[in-house]
Amino acid sequence: MISPVLPSYSRAPLSFVKGEGAWLVEADGRRFLDFASGVAVMALGHRHPALVNALKSQADQLWHTSNLYTVPQQQELAEKLVEHTFADTMFFCNSGTEAGELAVKMARKYRSETGQPDRSTIIAFEGAFHGRSTGMISAAGAEKLTKGFGPLLPGFIHLPFGDTQALRMAAARPDVGAIIIEPIQGESGIRPVPDQDLKELREICDSHGLLLILDEIQCGMGRTGKLFAHEWAGITPDIMMIAKGIGGGFPIAALLATEAAAVGMTPGTHGSTYGGNPLGCAVASAVMDVITGEGFLEDVNRRAGLFRQRAEGLVASHPEVFETVRGAGFMLGLVCKTPNLDVINAAYAQDMLTVPAGNNVVRLLPPLTLTEAEIAEGIDRLDRAATALEAQMHDAAE
């Protein structure tokens, strides 16, 4: 029977029926250790009691009205984000892709409002991923995202990742008005932008009057050990996209901005039917309370140090399978020598979930609540997966 679901995903033959913390239960009863977290979505794990309570409480009161009216839950969430970030203002939407679309609109409207409409070009980088809409695949530019979907949205130039000289030359162009970048590229294989490069990027934007747009959809909300990854470099953006972890599994996203960058976004310039609905904002507000709570991120950093240490030991123990480990906090990438999908399938056989990425990388994106015992158990399962792969390789060679 042909499935009525569009076949745009290559799905593993797994159906999960229940989750708790870092664990998922398959329909046949097997318990899987989840180092995928719904691709960095389940920041606090499955069925976190604070999030369940927030959702149930709000569901008993009100689900939806409209952005034609004041939504108190939006106001509460916005105030928490203002308190803990660079932002003065924000817009709530449903997905990271939507946040990215608004980022482009906001940057270009800013130029129009400040008398520089010709400065509409946005610099982006090879290996980027900002979403699947026409605008966001145009921003990323990679053929694997864009092939067959033309014509694309104009107004982007794509530079090699990490090429500061090319960046300086492009930033001086008279048509350039903004730069968009992920502090850690997720989809292309956990490629961090070094802190010094982020500092230099901010300096380049300041010297040329460019807006800096950060995409923290995957690397934000505590995943690197700070609330947002750019904080490690001691910089702030002008505009920032957040999603995934902010909802802890509920679909909500936001675009954060300074008042100056958002100057053009007046009534009627943007909207969303479901964006910032009471249910999503109530859950996201609970997520913020947990992650910004006293000692939470300090404890994340402590356990992340152990996680990195154990991951590096795994790589050292299996030089035929792995090359290196990179990333930060609970956002690590295992660079593989053998095909990464072989590693992921071998991990499935050990009741273990990981995430594929570009450049032959396996992503490890467990919940921030992962315990020391679960760190050890996860690495042990990956160790058994790698051992099984090595045995297969040796058998094939004989």
# chains A, B, ... in the order shown; residues from 1 in each chain; ligands from 1
call {"tool": "select_by_dssp", "arguments": {"residues": "segment 236-296 of chain A", "states": "helix (DSSP H, G or I)", "output": "list in words"}}
result
Lys244, Gly245, Ile246, Gly247, Pro278, Leu279, Gly280, Cys281, Ala282, Val283, Ala284, Ser285, Ala286, Val287, Met288, Asp289, Val290, Ile291 and Phe296 of chain A
call {"tool": "residues_around", "arguments": {"residues": "segment 288-295 of chain A", "least_positions_apart": "2", "cutoff": "8 Å", "atoms": "only C-alpha atoms", "output": "list in words"}}
result
Lys80, Leu81, Met221, Gly222, Leu227, Ile246, Ala284, Ser285, Ala286, Leu297, Glu298 and Asp299 of chain A
call {"tool": "write_last_selection", "arguments": {"atoms": "C-alpha atoms", "output": "short mmCIF file (atom, residue, chain, number, x, y, z; two decimals), in the first residue's frame"}}
result
data_model
loop_
_atom_site.label_atom_id
_atom_site.label_comp_id
_atom_site.auth_asym_id
_atom_site.auth_seq_id
_atom_site.Cartn_x
_atom_site.Cartn_y
_atom_site.Cartn_z
CA LYS A 80 11.80 36.72 29.64
CA LEU A 81 13.68 36.70 26.33
CA MET A 221 18.59 27.40 23.99
CA GLY A 222 21.40 26.08 26.15
CA LEU A 227 21.66 30.21 26.56
CA ILE A 246 12.60 27.07 22.70
CA ALA A 284 8.17 28.11 25.76
CA SER A 285 7.87 30.25 28.87
CA ALA A 286 8.24 27.10 30.98
CA LEU A 297 23.44 25.87 32.61
CA GLU A 298 26.39 25.45 34.99
CA ASP A 299 25.33 21.83 35.45
#
call {"tool": "residues_around", "arguments": {"residues": "Met42 of chain A", "least_positions_apart": "5", "cutoff": "8 Å", "atoms": "only C-alpha atoms", "output": "mmCIF file with N, CA and C atoms, in the first residue's frame"}}
result
data_model
loop_
_atom_site.group_PDB
_atom_site.id
_atom_site.type_symbol
_atom_site.label_atom_id
_atom_site.label_comp_id
_atom_site.auth_asym_id
_atom_site.auth_seq_id
_atom_site.Cartn_x
_atom_site.Cartn_y
_atom_site.Cartn_z
ATOM 1 N N SER A 37 17.022 13.795 19.991
ATOM 2 C CA SER A 37 16.169 14.845 20.568
ATOM 3 C C SER A 37 15.300 15.530 19.520
ATOM 4 N N LYS A 244 13.284 25.313 17.495
ATOM 5 C CA LYS A 244 13.647 24.013 18.071
ATOM 6 C C LYS A 244 13.524 23.998 19.598
ATOM 7 N N GLY A 245 14.640 24.161 20.319
ATOM 8 C CA GLY A 245 14.639 23.987 21.764
ATOM 9 C C GLY A 245 13.745 24.933 22.529
ATOM 10 N N GLY A 248 10.657 23.068 23.326
ATOM 11 C CA GLY A 248 10.794 21.775 23.981
ATOM 12 C C GLY A 248 9.917 20.691 23.380
ATOM 13 N N GLY A 249 9.606 20.803 22.106
ATOM 14 C CA GLY A 249 8.764 19.829 21.425
ATOM 15 C C GLY A 249 7.480 20.428 20.896
ATOM 16 N N PRO A 367 19.229 15.392 25.036
ATOM 17 C CA PRO A 367 18.619 16.449 25.842
ATOM 18 C C PRO A 367 19.616 17.023 26.839
#
call {"tool": "select_by_dssp", "arguments": {"residues": "segment 78-293 of chain A", "states": "strand (DSSP E)", "output": "count of residues only"}}
result
38
call {"tool": "atom_distance", "arguments": {"atom1": "atom CA of Gly220 of chain A", "atom2": "atom CA of Val39 of chain A"}}
result
12.5 Å
call {"tool": "residues_around", "arguments": {"residues": "Ile217 of chain A", "least_positions_apart": "4", "cutoff": "7 Å", "atoms": "only C-alpha atoms", "output": "list in words"}}
result
Gly96, Met241, Ile242, Ala243 and Lys244 of chain A
call {"tool": "residues_around", "arguments": {"residues": "Val176 of chain A", "least_positions_apart": "4", "cutoff": "6 Å", "atoms": "only C-alpha atoms", "output": "list of chain:residue names"}}
result
A:Arg119, A:Thr121, A:Ile122
call {"tool": "write_last_selection", "arguments": {"atoms": "N, CA and C atoms", "output": "PDB file, in the first residue's frame"}}
result
ATOM      1  N   ARG A 119      20.920  48.516  -0.774  1.00  0.00           N
ATOM      2  CA  ARG A 119      21.767  47.620   0.026  1.00  0.00           C
ATOM      3  C   ARG A 119      20.939  46.414   0.506  1.00  0.00           C
ATOM      4  N   THR A 121      21.406  43.141  -0.639  1.00  0.00           N
ATOM      5  CA  THR A 121      22.099  41.854  -0.747  1.00  0.00           C
ATOM      6  C   THR A 121      22.544  41.370   0.630  1.00  0.00           C
ATOM      7  N   ILE A 122      22.395  40.072   0.850  1.00  0.00           N
ATOM      8  CA  ILE A 122      22.757  39.447   2.124  1.00  0.00           C
ATOM      9  C   ILE A 122      23.846  38.413   1.882  1.00  0.00           C
TER      10      ILE A 122
END
call {"tool": "residues_around", "arguments": {"residues": "Arg363 of chain A", "least_positions_apart": "6", "cutoff": "9 Å", "atoms": "only C-alpha atoms", "output": "PDB file with C-alpha atoms, in the first residue's frame"}}
result
ATOM      1  CA  PHE A  35      20.746  11.213  21.282  1.00  0.00           C
ATOM      2  CA  ALA A  36      18.698  12.852  18.507  1.00  0.00           C
ATOM      3  CA  VAL A  39      16.985  17.048  15.886  1.00  0.00           C
ATOM      4  CA  GLY A 186      24.437  21.855  12.167  1.00  0.00           C
ATOM      5  CA  GLU A 187      23.245  20.269   8.942  1.00  0.00           C
ATOM      6  CA  GLY A 189      28.299  18.464  10.126  1.00  0.00           C
ATOM      7  CA  ILE A 190      28.650  20.457  13.396  1.00  0.00           C
ATOM      8  CA  MET A 331      25.958  19.458  20.218  1.00  0.00           C
ATOM      9  CA  LEU A 332      28.731  17.136  19.070  1.00  0.00           C
ATOM     10  CA  GLY A 333      29.622  15.683  15.691  1.00  0.00           C
ATOM     11  CA  LEU A 334      31.472  12.431  15.097  1.00  0.00           C
ATOM     12  CA  VAL A 335      33.396  12.797  11.845  1.00  0.00           C
ATOM     13  CA  THR A 354      21.637   9.638  16.445  1.00  0.00           C
ATOM     14  CA  VAL A 355      21.286  12.116  13.562  1.00  0.00           C
ATOM     15  CA  PRO A 356      23.021  12.179  10.155  1.00  0.00           C
ATOM     16  CA  ALA A 357      24.667  15.344   8.853  1.00  0.00           C
TER      17      ALA A 357
END
call {"tool": "residues_around", "arguments": {"residues": "Gln61 of chain A", "least_positions_apart": "6", "cutoff": "12 Å", "atoms": "only C-alpha atoms", "output": "PDB file with N, CA and C atoms, in the first residue's frame"}}
result
ATOM      1  N   ALA A  54       2.553  23.064  32.078  1.00  0.00           N
ATOM      2  CA  ALA A  54       2.281  24.337  31.408  1.00  0.00           C
ATOM      3  C   ALA A  54       1.298  24.140  30.265  1.00  0.00           C
ATOM      4  N   LEU A  55       1.491  23.073  29.482  1.00  0.00           N
ATOM      5  CA  LEU A  55       0.608  22.816  28.348  1.00  0.00           C
ATOM      6  C   LEU A  55      -0.805  22.471  28.824  1.00  0.00           C
ATOM      7  N   GLN A  73       0.268  35.692  27.023  1.00  0.00           N
ATOM      8  CA  GLN A  73       1.344  34.691  27.089  1.00  0.00           C
ATOM      9  C   GLN A  73       2.536  35.108  26.217  1.00  0.00           C
ATOM     10  N   PRO A 278      -1.357  31.044  22.502  1.00  0.00           N
ATOM     11  CA  PRO A 278      -1.191  30.852  23.945  1.00  0.00           C
ATOM     12  C   PRO A 278      -0.559  29.526  24.338  1.00  0.00           C
ATOM     13  N   LEU A 279      -0.880  28.444  23.635  1.00  0.00           N
ATOM     14  CA  LEU A 279      -0.315  27.137  23.979  1.00  0.00           C
ATOM     15  C   LEU A 279       1.200  27.136  23.809  1.00  0.00           C
ATOM     16  N   ALA A 282       3.014  29.435  26.340  1.00  0.00           N
ATOM     17  CA  ALA A 282       3.012  28.902  27.695  1.00  0.00           C
ATOM     18  C   ALA A 282       4.096  27.847  27.868  1.00  0.00           C
TER      19      ALA A 282
END
call {"tool": "closest_residue", "arguments": {"among": "A:Ile213, A:Met136, A:Cys281, A:Ala170", "to": "Glu98 of chain A", "atoms": "only C-alpha atoms"}}
result
A:Met136
call {"tool": "closest_residue", "arguments": {"among": "A:Gly38, A:Gly21, A:Gly276, A:Gly271", "to": "Leu370 of chain A", "atoms": "only C-alpha atoms"}}
result
A:Gly21
call {"tool": "closest_residue", "arguments": {"among": "A:Ile184, A:Asp351, A:Leu365, A:Gly45", "to": "Arg381 of chain A", "atoms": "only C-alpha atoms"}}
result
A:Asp351
call {"tool": "closest_residue", "arguments": {"among": "A:Leu214, A:Ala347, A:Ile137, A:Gly177", "to": "Pro117 of chain A", "atoms": "only C-alpha atoms"}}
result
A:Gly177
call {"tool": "decode", "arguments": {"residues": "segment 326-341 of chain A", "atoms": "N, CA and C atoms", "output": "JSON list (two decimals), in the first residue's frame"}}
result
[["chain", "number", "residue", "atom", "x", "y", "z"],
["A", 326, "ARG", "N", 33.85, 17.00, 17.09],
["A", 326, "ARG", "CA", 33.87, 18.46, 17.14],
["A", 326, "ARG", "C", 32.50, 18.96, 17.60],
["A", 327, "GLY", "N", 32.47, 20.23, 17.98],
["A", 327, "GLY", "CA", 31.23, 20.82, 18.47],
["A", 327, "GLY", "C", 31.41, 21.38, 19.86],
["A", 328, "ALA", "N", 30.30, 21.60, 20.54],
["A", 328, "ALA", "CA", 30.32, 22.20, 21.87],
["A", 328, "ALA", "C", 29.12, 21.72, 22.66],
["A", 329, "GLY", "N", 29.28, 21.62, 23.97],
["A", 329, "GLY", "CA", 28.18, 21.28, 24.84],
["A", 329, "GLY", "C", 27.55, 19.96, 24.47],
["A", 330, "PHE", "N", 26.22, 19.96, 24.35],
["A", 330, "PHE", "CA", 25.48, 18.77, 23.93],
["A", 330, "PHE", "C", 25.13, 18.87, 22.45],
["A", 331, "MET", "N", 26.08, 19.37, 21.67],
["A", 331, "MET", "CA", 25.96, 19.46, 20.22],
["A", 331, "MET", "C", 27.30, 19.02, 19.62],
["A", 332, "LEU", "N", 27.47, 17.69, 19.54],
["A", 332, "LEU", "CA", 28.73, 17.14, 19.07],
["A", 332, "LEU", "C", 28.54, 16.42, 17.73],
["A", 333, "GLY", "N", 29.62, 16.40, 16.95],
["A", 333, "GLY", "CA", 29.62, 15.68, 15.69],
["A", 333, "GLY", "C", 30.76, 14.69, 15.65],
["A", 334, "LEU", "N", 30.45, 13.45, 15.31],
["A", 334, "LEU", "CA", 31.47, 12.43, 15.10],
["A", 334, "LEU", "C", 31.79, 12.40, 13.61],
["A", 335, "VAL", "N", 32.96, 12.86, 13.24],
["A", 335, "VAL", "CA", 33.40, 12.80, 11.85],
["A", 335, "VAL", "C", 33.82, 11.37, 11.56],
["A", 336, "CYS", "N", 33.18, 10.75, 10.57],
["A", 336, "CYS", "CA", 33.35, 9.31, 10.34],
["A", 336, "CYS", "C", 34.32, 9.03, 9.20],
["A", 337, "LYS", "N", 34.97, 7.88, 9.28],
["A", 337, "LYS", "CA", 35.75, 7.36, 8.16],
["A", 337, "LYS", "C", 34.91, 6.38, 7.34],
["A", 338, "THR", "N", 34.12, 5.59, 8.02],
["A", 338, "THR", "CA", 33.16, 4.73, 7.35],
["A", 338, "THR", "C", 31.91, 5.55, 7.07],
["A", 339, "PRO", "N", 31.05, 5.16, 6.14],
["A", 339, "PRO", "CA", 29.85, 5.96, 5.86],
["A", 339, "PRO", "C", 29.02, 6.22, 7.13],
["A", 340, "ASN", "N", 28.64, 7.47, 7.31],
["A", 340, "ASN", "CA", 27.93, 7.82, 8.55],
["A", 340, "ASN", "C", 26.61, 7.08, 8.70],
["A", 341, "LEU", "N", 25.95, 6.75, 7.60],
["A", 341, "LEU", "CA", 24.69, 6.02, 7.71],
["A", 341, "LEU", "C", 24.91, 4.60, 8.21]]
